[in-house]
$ cat data.cif   # mmCIF, C-alpha atoms and all ligand atoms
data_data
#
loop_
_atom_site.label_atom_id
_atom_site.label_comp_id
_atom_site.auth_asym_id
_atom_site.auth_seq_id
_atom_site.Cartn_x
_atom_site.Cartn_y
_atom_site.Cartn_z
CA MET A 1 0.00 0.00 0.00
CA ALA A 2 2.72 2.40 0.98
CA LEU A 3 4.71 1.80 -2.20
CA ALA A 4 1.61 2.08 -4.32
CA PHE A 5 0.88 5.38 -2.67
CA CYS A 6 4.32 6.73 -3.43
CA SER A 7 4.21 5.84 -7.05
CA SER A 8 0.68 7.14 -7.41
CA LEU A 9 1.59 10.54 -6.10
CA ARG A 10 3.93 11.53 -8.88
CA PHE A 11 2.91 14.62 -10.75
CA SER A 12 0.83 13.68 -13.73
CA THR A 13 1.38 15.94 -16.74
CA SER A 14 -1.43 14.28 -18.58
CA THR A 15 -4.18 16.17 -16.79
CA PRO A 16 -4.55 19.32 -18.82
CA SER A 17 -7.87 20.57 -17.53
CA PRO A 18 -8.82 21.57 -14.01
CA PRO A 19 -11.10 19.41 -11.94
CA SER A 20 -14.64 20.59 -12.33
CA PRO A 21 -15.67 22.54 -9.24
CA SER A 22 -18.68 21.07 -7.55
CA LEU A 23 -20.08 24.32 -6.22
CA PRO A 24 -22.35 25.01 -4.55
CA LEU A 25 -21.11 23.07 -1.59
CA ARG A 26 -23.51 20.33 -0.82
CA THR A 27 -22.66 19.81 2.79
CA SER A 28 -20.65 21.46 5.46
CA PRO A 29 -19.87 18.70 7.88
CA THR A 30 -16.78 18.78 9.95
CA SER A 31 -15.24 16.72 12.67
CA SER A 32 -13.25 19.62 14.01
CA SER A 33 -14.64 22.66 15.70
CA LEU A 34 -11.80 24.62 14.15
CA ILE A 35 -13.05 24.12 10.65
CA THR A 36 -15.52 26.38 8.94
CA VAL A 37 -16.85 25.54 5.53
CA ARG A 38 -19.35 28.07 4.30
CA SER A 39 -21.39 28.63 1.23
CA PRO A 40 -19.59 30.22 -1.72
CA GLN A 41 -21.66 33.35 -1.25
CA ARG A 42 -20.28 33.82 2.21
CA MET A 43 -16.90 32.70 0.93
CA GLY A 44 -15.16 31.45 3.98
CA ALA A 45 -13.02 28.42 4.29
CA ARG A 46 -11.32 26.19 6.71
CA SER A 47 -10.72 28.80 9.30
CA LEU A 48 -7.15 27.95 10.15
CA ARG A 49 -5.90 27.75 6.63
CA ALA A 50 -7.32 30.71 4.84
CA ARG A 51 -3.97 32.36 4.25
CA PRO A 52 -3.13 32.68 0.59
CA PRO A 53 0.35 33.64 -0.42
CA LEU A 54 2.19 36.81 0.21
CA ARG A 55 5.15 35.77 -1.90
CA PRO A 56 4.12 33.24 -4.53
CA LYS A 57 7.11 31.45 -5.96
CA ALA A 58 5.27 30.11 -8.96
CA THR A 59 4.88 32.36 -11.96
CA VAL A 60 1.16 32.86 -12.35
CA ALA A 61 -0.81 35.47 -14.20
CA VAL A 62 -2.79 36.64 -11.21
CA ASP A 63 -2.70 39.87 -9.27
CA SER A 64 -1.34 38.23 -6.19
CA PRO A 65 -0.77 40.42 -3.14
CA ALA A 66 2.98 40.16 -3.54
CA ALA A 67 3.78 38.71 -6.90
CA GLY A 68 7.10 40.57 -7.18
CA PRO A 69 10.11 41.24 -5.01
CA ASP A 70 9.19 43.00 -1.83
CA ALA A 71 11.57 45.91 -1.28
CA SER A 72 10.28 46.39 2.28
CA ARG A 73 11.74 43.01 3.25
CA SER A 74 15.36 44.12 3.44
CA GLY A 75 17.22 44.37 6.74
CA PRO A 76 17.88 41.86 9.48
CA PRO A 77 15.44 39.03 10.13
CA ARG A 78 12.42 40.10 12.12
CA VAL A 79 10.87 38.33 15.06
CA LEU A 80 7.87 36.37 13.82
CA LEU A 81 6.69 34.80 17.04
CA GLU A 82 7.45 35.63 20.64
CA VAL A 83 5.96 33.41 23.29
CA LYS A 84 6.52 34.41 26.90
CA ASP A 85 5.64 32.32 29.92
CA LEU A 86 2.58 30.84 28.21
CA MET A 87 0.26 28.91 30.48
CA ALA A 88 -2.90 27.08 29.46
CA VAL A 89 -5.46 24.68 30.87
CA ILE A 90 -7.95 22.27 29.34
CA VAL A 91 -11.29 24.10 29.37
CA GLU A 92 -13.35 21.07 30.31
CA SER A 93 -11.32 19.87 33.27
CA GLY A 94 -9.26 22.89 34.22
CA GLN A 95 -6.16 20.68 34.08
CA GLU A 96 -3.02 22.69 33.57
CA ILE A 97 -1.01 21.55 30.53
CA LEU A 98 1.24 24.45 29.55
CA ARG A 99 3.30 25.66 32.46
CA GLY A 100 5.26 28.62 31.18
CA VAL A 101 6.43 28.13 27.58
CA ASN A 102 9.05 30.54 26.26
CA LEU A 103 9.99 30.56 22.59
CA THR A 104 11.15 33.15 20.08
CA ILE A 105 11.16 32.48 16.34
CA TYR A 106 12.75 34.77 13.77
CA GLU A 107 12.02 34.87 10.07
CA GLY A 108 13.94 32.21 8.21
CA GLU A 109 14.35 29.91 11.21
CA VAL A 110 13.23 26.31 11.48
CA HIS A 111 12.41 25.15 14.98
CA ALA A 112 11.69 21.62 16.13
CA ILE A 113 10.00 20.70 19.38
CA MET A 114 10.61 17.22 20.70
CA GLY A 115 9.48 15.67 23.94
CA LYS A 116 7.96 12.64 25.55
CA ASN A 117 4.39 11.63 24.81
CA GLY A 118 2.02 13.85 26.75
CA SER A 119 4.57 16.58 27.46
CA GLY A 120 2.33 19.24 25.89
CA LYS A 121 3.73 19.72 22.37
CA SER A 122 0.44 19.43 20.49
CA THR A 123 -1.36 21.42 23.13
CA PHE A 124 1.15 24.21 22.65
CA SER A 125 0.58 24.28 18.91
CA LYS A 126 -3.18 24.13 19.28
CA VAL A 127 -3.14 26.96 21.78
CA LEU A 128 -1.20 29.03 19.24
CA VAL A 129 -3.91 28.59 16.62
CA GLY A 130 -6.72 29.23 19.10
CA HIS A 131 -8.18 25.77 19.64
CA PRO A 132 -11.30 26.12 21.80
CA ASP A 133 -10.42 23.13 24.01
CA TYR A 134 -7.81 25.23 25.80
CA GLU A 135 -7.85 28.42 27.81
CA VAL A 136 -4.80 30.58 28.18
CA THR A 137 -4.29 31.42 31.82
CA GLY A 138 -1.07 33.40 31.63
CA GLY A 139 1.72 34.74 29.48
CA SER A 140 1.74 36.39 26.08
CA VAL A 141 2.11 35.52 22.40
CA ILE A 142 3.11 38.18 19.89
CA PHE A 143 2.91 37.23 16.23
CA LYS A 144 4.28 39.69 13.68
CA GLY A 145 3.97 42.44 16.27
CA GLU A 146 0.34 41.71 17.17
CA ASN A 147 -1.21 40.06 20.18
CA LEU A 148 -2.08 36.64 18.80
CA LEU A 149 -4.17 35.69 21.82
CA ASP A 150 -6.61 38.52 21.08
CA MET A 151 -7.34 37.18 17.58
CA GLU A 152 -10.03 34.76 16.49
CA PRO A 153 -8.67 31.53 14.96
CA GLU A 154 -9.68 32.70 11.49
CA ASP A 155 -7.82 35.97 11.95
CA ARG A 156 -4.73 34.09 13.12
CA SER A 157 -4.85 32.24 9.86
CA HIS A 158 -5.31 35.40 7.84
CA ALA A 159 -2.37 36.88 9.73
CA GLY A 160 -0.15 34.13 8.36
CA LEU A 161 -0.32 31.20 10.78
CA PHE A 162 -0.85 27.73 9.37
CA MET A 163 -1.20 24.51 11.27
CA SER A 164 -1.04 20.99 10.01
CA PHE A 165 -2.77 18.78 12.54
CA GLN A 166 -1.50 15.37 13.61
CA THR A 167 -4.65 13.83 12.16
CA PRO A 168 -5.92 15.92 9.24
CA VAL A 169 -9.72 15.78 9.13
CA GLU A 170 -11.98 14.73 6.28
CA ILE A 171 -14.49 17.14 4.80
CA PRO A 172 -17.04 14.98 3.00
CA GLY A 173 -18.86 16.67 0.16
CA VAL A 174 -16.18 19.29 -0.46
CA SER A 175 -13.64 18.66 -3.17
CA ASN A 176 -10.01 19.38 -2.49
CA PHE A 177 -9.95 21.78 -5.41
CA ASP A 178 -12.97 23.77 -4.17
CA PHE A 179 -11.60 23.80 -0.68
CA LEU A 180 -8.20 25.13 -1.73
CA ASN A 181 -9.82 27.65 -4.06
CA MET A 182 -12.04 28.92 -1.25
CA ALA A 183 -9.18 29.13 1.20
CA TYR A 184 -7.08 31.03 -1.32
CA ASN A 185 -9.92 33.38 -2.19
CA ALA A 186 -10.69 34.06 1.45
CA ARG A 187 -7.23 35.53 1.78
CA ARG A 188 -7.49 37.48 -1.46
CA LYS A 189 -10.75 38.93 -0.25
CA LYS A 190 -9.07 39.96 2.98
CA GLU A 191 -6.37 41.65 0.88
CA GLY A 192 -9.01 43.50 -1.12
CA LEU A 193 -8.25 41.47 -4.25
CA PRO A 194 -10.88 39.90 -6.50
CA GLU A 195 -11.53 36.23 -6.02
CA LEU A 196 -9.73 33.95 -8.43
CA PRO A 197 -12.07 31.88 -10.62
CA PRO A 198 -11.40 28.15 -10.86
CA LEU A 199 -9.50 28.19 -14.15
CA GLU A 200 -7.06 30.85 -13.03
CA PHE A 201 -6.72 29.22 -9.65
CA TYR A 202 -5.86 25.99 -11.41
CA SER A 203 -2.95 27.72 -13.14
CA TYR A 204 -1.69 28.85 -9.78
CA LEU A 205 -2.30 25.50 -8.12
CA SER A 206 -0.87 23.02 -10.60
CA PRO A 207 2.83 23.93 -10.19
CA LYS A 208 2.34 23.80 -6.42
CA ALA A 209 0.92 20.30 -6.73
CA ALA A 210 3.91 19.36 -8.87
CA ALA A 211 6.26 20.72 -6.23
CA VAL A 212 4.81 18.41 -3.60
CA ASN A 213 4.49 15.47 -6.00
CA MET A 214 0.72 15.47 -5.64
CA ASP A 215 -1.15 13.73 -8.40
CA LEU A 216 -3.76 16.13 -9.77
CA ARG A 217 -6.42 13.45 -9.49
CA PHE A 218 -6.41 14.07 -5.74
CA LEU A 219 -7.80 17.54 -6.35
CA ASP A 220 -11.12 16.16 -7.50
CA ARG A 221 -11.58 13.99 -4.45
CA ASN A 222 -13.26 15.22 -1.29
CA VAL A 223 -10.89 16.69 1.25
CA ASN A 224 -8.98 13.80 2.84
CA GLU A 225 -11.90 11.41 2.30
CA GLY A 226 -10.48 7.92 1.89
CA PHE A 227 -6.93 9.32 1.78
CA SER A 228 -4.23 7.18 3.33
CA GLY A 229 -2.31 8.65 6.25
CA GLY A 230 0.57 9.61 3.96
CA GLU A 231 -1.73 11.11 1.35
CA ARG A 232 -3.32 13.27 4.03
CA LYS A 233 0.06 14.56 5.11
CA ARG A 234 1.02 15.36 1.56
CA ASN A 235 -2.29 17.13 1.13
CA GLU A 236 -1.50 19.23 4.16
CA ILE A 237 1.75 20.32 2.57
CA LEU A 238 -0.11 21.21 -0.61
CA GLN A 239 -2.40 23.43 1.45
CA LEU A 240 0.65 25.03 2.99
CA ALA A 241 2.15 25.55 -0.47
CA ILE A 242 -1.05 27.24 -1.65
CA LEU A 243 -1.42 29.47 1.37
CA GLU A 244 2.27 30.17 1.95
CA ALA A 245 1.97 31.02 5.60
CA ASP A 246 4.55 33.07 7.42
CA LEU A 247 4.69 30.50 10.20
CA ALA A 248 3.79 26.88 9.53
CA ILE A 249 3.24 24.64 12.52
CA LEU A 250 3.66 21.03 11.46
CA ASP A 251 2.53 18.57 14.11
CA GLU A 252 4.13 15.18 13.46
CA ILE A 253 4.07 15.63 9.71
CA ASP A 254 6.29 12.54 9.53
CA SER A 255 3.94 10.15 11.29
CA GLY A 256 2.64 7.35 9.14
CA LEU A 257 4.92 8.14 6.22
CA ASP A 258 6.96 5.50 4.44
CA VAL A 259 10.59 6.36 3.78
CA ASP A 260 10.02 7.68 0.27
CA ALA A 261 7.01 9.76 1.28
CA LEU A 262 8.97 11.14 4.22
CA GLN A 263 11.69 12.31 1.83
CA ASP A 264 9.10 13.84 -0.50
CA VAL A 265 7.24 15.67 2.22
CA ALA A 266 10.37 16.91 3.94
CA LYS A 267 11.85 18.11 0.66
CA ALA A 268 8.57 19.82 -0.19
CA VAL A 269 8.71 21.65 3.14
CA ASN A 270 12.32 22.65 2.40
CA GLY A 271 11.18 23.96 -0.97
CA LEU A 272 8.68 26.25 0.71
CA LEU A 273 11.21 27.84 3.03
CA THR A 274 12.27 31.41 2.29
CA PRO A 275 14.30 33.90 4.33
CA TYR A 276 10.98 35.40 5.43
CA ASN A 277 8.95 32.49 6.69
CA SER A 278 9.46 29.94 9.43
CA VAL A 279 8.50 26.45 10.39
CA LEU A 280 7.77 25.05 13.82
CA MET A 281 7.85 21.27 13.67
CA ILE A 282 6.78 18.80 16.27
CA THR A 283 8.40 15.45 15.82
CA HIS A 284 9.67 12.40 17.65
CA TYR A 285 12.23 11.42 15.07
CA GLN A 286 15.59 12.63 13.97
CA ARG A 287 15.02 11.23 10.47
CA LEU A 288 12.77 14.21 9.63
CA LEU A 289 15.23 16.66 11.12
CA ASP A 290 18.08 15.16 9.09
CA ILE A 291 16.31 16.35 5.95
CA ILE A 292 14.74 19.61 7.11
CA ASN A 293 17.69 20.55 9.29
CA PRO A 294 16.25 22.81 11.98
CA SER A 295 18.15 25.81 13.25
CA HIS A 296 16.81 25.20 16.76
CA VAL A 297 15.76 22.05 18.60
CA HIS A 298 13.75 22.33 21.82
CA ILE A 299 12.83 19.70 24.32
CA MET A 300 9.51 20.05 26.08
CA GLU A 301 8.80 18.47 29.42
CA GLU A 302 5.65 18.81 31.49
CA GLY A 303 4.41 21.83 29.62
CA SER A 304 7.53 23.92 29.27
CA ILE A 305 10.68 24.00 27.18
CA VAL A 306 13.49 22.66 29.32
CA LYS A 307 16.37 22.59 26.84
CA THR A 308 17.23 24.31 23.55
CA GLY A 309 20.06 23.55 21.16
CA ASP A 310 20.81 22.66 17.58
CA LEU A 311 20.53 19.42 15.65
CA SER A 312 23.12 17.82 17.92
CA LEU A 313 20.49 17.89 20.66
CA ALA A 314 18.25 15.63 18.58
CA LYS A 315 21.18 13.32 17.89
CA GLN A 316 21.98 13.15 21.60
CA LEU A 317 18.33 12.45 22.32
CA GLU A 318 18.29 9.59 19.85
CA LYS A 319 21.28 8.04 21.62
CA GLU A 320 20.50 8.73 25.26
CA GLY A 321 16.72 9.14 25.44
CA TYR A 322 14.79 11.76 27.39
CA ARG A 323 16.35 10.73 30.70
CA ALA A 324 19.41 12.72 29.71
CA PHE A 325 17.39 15.93 29.63
CA SER A 326 14.80 15.45 32.30
CA VAL A 327 14.62 18.15 34.94
CA SER A 328 12.05 16.42 37.11
N1 LIG A 401 -8.65 18.19 25.01
C1 LIG A 401 -8.05 17.45 25.94
N2 LIG A 401 -8.76 16.75 26.81
C2 LIG A 401 -8.17 15.99 27.77
N3 LIG A 401 -6.83 15.88 27.91
C3 LIG A 401 -6.06 16.55 27.05
C4 LIG A 401 -6.64 17.38 26.02
N4 LIG A 401 -5.62 17.95 25.34
C5 LIG A 401 -4.48 17.50 25.89
N5 LIG A 401 -4.74 16.67 26.91
C6 LIG A 401 -3.77 16.00 27.76
O1 LIG A 401 -2.69 16.88 27.91
C7 LIG A 401 -1.45 16.19 27.89
C8 LIG A 401 -0.56 16.76 26.81
O2 LIG A 401 -1.11 16.36 25.55
P1 LIG A 401 -0.40 16.72 24.17
O3 LIG A 401 -1.23 16.14 23.10
O4 LIG A 401 -0.14 18.16 24.14
O5 LIG A 401 0.97 15.94 24.31
P2 LIG A 401 2.12 15.70 23.23
O6 LIG A 401 3.39 16.14 23.85
O7 LIG A 401 1.74 16.33 21.95
O8 LIG A 401 2.08 14.13 23.12
P3 LIG A 401 2.40 13.13 21.90
O9 LIG A 401 3.90 13.14 21.70
O10 LIG A 401 1.93 11.80 22.41
O11 LIG A 401 1.63 13.58 20.69
C9 LIG A 401 -1.79 14.73 27.72
O12 LIG A 401 -1.79 14.10 28.96
C10 LIG A 401 -3.17 14.75 27.13
O13 LIG A 401 -3.92 13.61 27.45
#

$ encode --input "data.cif" --output "structure tokens"
Amino acid sequence: MALAFCSSLRFSTSTPSPPSPSLPLRTSPTSSSLITVRSPQRMGARSLRARPPLRPKATVAVDSPAAGPDASRSGPPRVLLEVKDLMAVIVESGQEILRGVNLTIYEGEVHAIMGKNGSGKSTFSKVLVGHPDYEVTGGSVIFKGENLLDMEPEDRSHAGLFMSFQTPVEIPGVSNFDFLNMAYNARRKKEGLPELPPLEFYSYLSPKAAAVNMDLRFLDRNVNEGFSGGERKRNEILQLAILEADLAILDEIDSGLDVDALQDVAKAVNGLLTPYNSVLMITHYQRLLDIINPSHVHIMEEGSIVKTGDLSLAKQLEKEGYRAFSVS
């Protein structure tokens, strides 16, 4: 199955026409409270991913918000994310999970968070995107100079935050193509640009799909419906490629991937990196870090970051286990 998946996800040049959009959306079911699929008239999208590109790398004939070089981007790297003493509890139980997280990410940096099961890594990332299961009880998060914690999840997405969940959800009844088109248009609308009709969006999308080795046939299928674990992950990276977030949070993007797919996905992530965006990865395995090569590796324990270093930290972890870093 895994090998079949890999070979089936090569870019197919024999698909000249775009998938036919199946608007209007027939259903809007969702298994995640973070997802919003609205009618085309209201033109919303999956709330956390509606962040079309600021700096498209593909050459497309669309009036993208930043289709050319951005002269204002000169100078030293800017701080993208500054997390100070962040504390959060589970809303339902009041259980404290984050106990003072500190983390600063500059443009162009790649950070990896590692840590034992249950140490709070996913909770941290979900708190950043505004997941309603958690309540922030202390600390601050500044994203691109703005108070992230004051923003609705959808606005966090529009501001340039993208999150790939550990288990990407299915959206039955909504084709991948329509979903990506809506997400892209939601951002364009926010930028005051006209929405991109399906044909033009297809021109923008197809080189992105090629870059992540995504077979174009997957665009006509419903979002993640019947996708294998690896296909879902690859689809997440396609969404990231379309939306070109400033900060991409990738929660265990390597889980469930066979060795070839891991290489593909990691290389696709590398291909999306620019001096102006950043990635925050959560992973258990050095094999992903060997390809993406993070500038910073953090170890989380019991809801806070207890050690920070470079890739050598991950190598040491692989050899010695978490006992070597435990502070408890
Ligand atoms: N919504 C929730 N309801 C109940 N418990 C939760 C919830 N979210 C997180 N937890 C608990 O908080 C702790 C931290 O969970 P989290 O998913 O952040 O850990 P993690 O470091 O990402 O773990 P893993 O490496 O296994 O993915 C766990 O004990 C988990 O069971």

$ closest_atom_pairs --input "data.cif" --of "chain A" --to "ligand LIG 401 (chain A)" --cutoff "7 Å" --atoms "only C-alpha atoms and all ligand atoms" --output "JSON lines"
{"residue": "A:Ile90", "atom": "CA", "partner": "A:LIG401", "partner_atom": "C1", "distance": 5.9}
{"residue": "A:Ile97", "atom": "CA", "partner": "A:LIG401", "partner_atom": "O1", "distance": 5.6}
{"residue": "A:Gly115", "atom": "CA", "partner": "A:LIG401", "partner_atom": "O6", "distance": 6.1}
{"residue": "A:Lys116", "atom": "CA", "partner": "A:LIG401", "partner_atom": "O9", "distance": 5.6}
{"residue": "A:Asn117", "atom": "CA", "partner": "A:LIG401", "partner_atom": "O10", "distance": 3.4}
{"residue": "A:Gly118", "atom": "CA", "partner": "A:LIG401", "partner_atom": "O5", "distance": 3.4}
{"residue": "A:Ser119", "atom": "CA", "partner": "A:LIG401", "partner_atom": "O6", "distance": 3.8}
{"residue": "A:Gly120", "atom": "CA", "partner": "A:LIG401", "partner_atom": "O4", "distance": 3.2}
{"residue": "A:Lys121", "atom": "CA", "partner": "A:LIG401", "partner_atom": "O6", "distance": 3.9}
{"residue": "A:Ser122", "atom": "CA", "partner": "A:LIG401", "partner_atom": "O7", "distance": 3.7}
{"residue": "A:Thr123", "atom": "CA", "partner": "A:LIG401", "partner_atom": "O4", "distance": 3.6}
{"residue": "A:Phe124", "atom": "CA", "partner": "A:LIG401", "partner_atom": "O4", "distance": 6.4}
{"residue": "A:Asp133", "atom": "CA", "partner": "A:LIG401", "partner_atom": "N1", "distance": 5.3}

$ atom_distance --input "data.cif" --atom1 "atom CA of Phe227 of chain A" --atom2 "atom CA of Ala209 of chain A"
16.0 Å

$ atom_distance --input "data.cif" --atom1 "atom CA of Asp220 of chain A" --atom2 "atom CA of Glu200 of chain A"
16.2 Å

$ closest_atom_pairs --input "data.cif" --of "segment 128-209 of chain A" --to "segment 255-269 of chain A" --cutoff "10 Å" --atoms "only C-alpha atoms" --output "CSV"
residue,atom,partner,partner_atom,distance
A:Gln166,CA,A:Ser255,CA,7.9
A:Thr167,CA,A:Ser255,CA,9.4
A:Lys208,CA,A:Ala268,CA,9.7

$ atom_distance --input "data.cif" --atom1 "atom CA of Ala324 of chain A" --atom2 "atom CA of Met300 of chain A"
12.8 Å

$ closest_residue --input "data.cif" --among "A:Arg99, A:Lys233, A:Arg156, A:Lys315" --to "Met114 of chain A" --atoms "all atoms listed in the file"
A:Lys315

$ closest_residue --input "data.cif" --among "A:Asn224, A:Asn235, A:Asn102, A:Ser125" --to "Val212 of chain A" --atoms "all atoms listed in the file"
A:Asn235

$ build_atoms --input "data.cif" --residues "segment 149-176 of chain A" --atoms "N, CA and C atoms" --output "short mmCIF file (atom, residue, chain, number, x, y, z; two decimals), in the frame of the given file"
data_model
loop_
_atom_site.label_atom_id
_atom_site.label_comp_id
_atom_site.auth_asym_id
_atom_site.auth_seq_id
_atom_site.Cartn_x
_atom_site.Cartn_y
_atom_site.Cartn_z
N LEU A 149 -3.14 36.25 20.94
CA LEU A 149 -4.17 35.69 21.82
C LEU A 149 -5.48 36.48 21.75
N ASP A 150 -5.40 37.71 21.23
CA ASP A 150 -6.61 38.52 21.08
C ASP A 150 -7.36 38.20 19.79
N MET A 151 -6.74 37.41 18.91
CA MET A 151 -7.34 37.18 17.58
C MET A 151 -8.19 35.92 17.57
N GLU A 152 -9.24 35.96 16.75
CA GLU A 152 -10.03 34.76 16.49
C GLU A 152 -9.17 33.79 15.68
N PRO A 153 -9.46 32.48 15.75
CA PRO A 153 -8.67 31.53 14.96
C PRO A 153 -8.58 31.90 13.48
N GLU A 154 -9.68 32.35 12.92
CA GLU A 154 -9.68 32.70 11.49
C GLU A 154 -8.74 33.87 11.21
N ASP A 155 -8.71 34.81 12.14
CA ASP A 155 -7.82 35.97 11.95
C ASP A 155 -6.36 35.58 12.11
N ARG A 156 -6.10 34.59 12.97
CA ARG A 156 -4.73 34.09 13.12
C ARG A 156 -4.26 33.50 11.79
N SER A 157 -5.18 32.81 11.16
CA SER A 157 -4.85 32.24 9.86
C SER A 157 -4.61 33.33 8.83
N HIS A 158 -5.49 34.30 8.79
CA HIS A 158 -5.31 35.40 7.84
C HIS A 158 -4.02 36.17 8.11
N ALA A 159 -3.61 36.17 9.38
CA ALA A 159 -2.37 36.88 9.73
C ALA A 159 -1.13 36.11 9.30
N GLY A 160 -1.30 34.85 8.88
CA GLY A 160 -0.15 34.13 8.36
C GLY A 160 0.28 32.91 9.15
N LEU A 161 -0.62 32.40 9.99
CA LEU A 161 -0.32 31.20 10.78
C LEU A 161 -1.01 30.01 10.13
N PHE A 162 -0.28 28.94 9.97
CA PHE A 162 -0.85 27.73 9.37
C PHE A 162 -0.54 26.57 10.30
N MET A 163 -1.51 25.70 10.48
CA MET A 163 -1.20 24.51 11.27
C MET A 163 -1.64 23.24 10.56
N SER A 164 -0.73 22.31 10.51
CA SER A 164 -1.04 20.99 10.01
C SER A 164 -1.24 20.09 11.22
N PHE A 165 -2.46 19.59 11.37
CA PHE A 165 -2.77 18.78 12.54
C PHE A 165 -2.19 17.38 12.41
N GLN A 166 -2.01 16.75 13.59
CA GLN A 166 -1.50 15.37 13.61
C GLN A 166 -2.39 14.46 12.78
N THR A 167 -3.70 14.65 12.91
CA THR A 167 -4.65 13.83 12.16
C THR A 167 -5.53 14.75 11.32
N PRO A 168 -5.13 15.02 10.08
CA PRO A 168 -5.92 15.92 9.24
C PRO A 168 -7.34 15.37 9.05
N VAL A 169 -8.33 16.24 9.16
CA VAL A 169 -9.72 15.78 9.13
C VAL A 169 -10.25 15.67 7.70
N GLU A 170 -11.28 14.85 7.56
CA GLU A 170 -11.98 14.73 6.28
C GLU A 170 -13.06 15.80 6.19
N ILE A 171 -13.34 16.26 5.01
CA ILE A 171 -14.49 17.14 4.80
C ILE A 171 -15.33 16.53 3.67
N PRO A 172 -16.23 15.63 4.04
CA PRO A 172 -17.04 14.98 3.00
C PRO A 172 -17.86 16.01 2.24
N GLY A 173 -18.00 15.79 0.96
CA GLY A 173 -18.86 16.67 0.16
C GLY A 173 -18.16 17.91 -0.37
N VAL A 174 -16.91 18.11 0.03
CA VAL A 174 -16.18 19.29 -0.46
C VAL A 174 -14.92 18.80 -1.17
N SER A 175 -14.82 19.14 -2.44
CA SER A 175 -13.64 18.66 -3.17
C SER A 175 -12.40 19.43 -2.73
N ASN A 176 -11.28 18.76 -2.83
CA ASN A 176 -10.01 19.38 -2.49
C ASN A 176 -9.81 20.67 -3.28
#
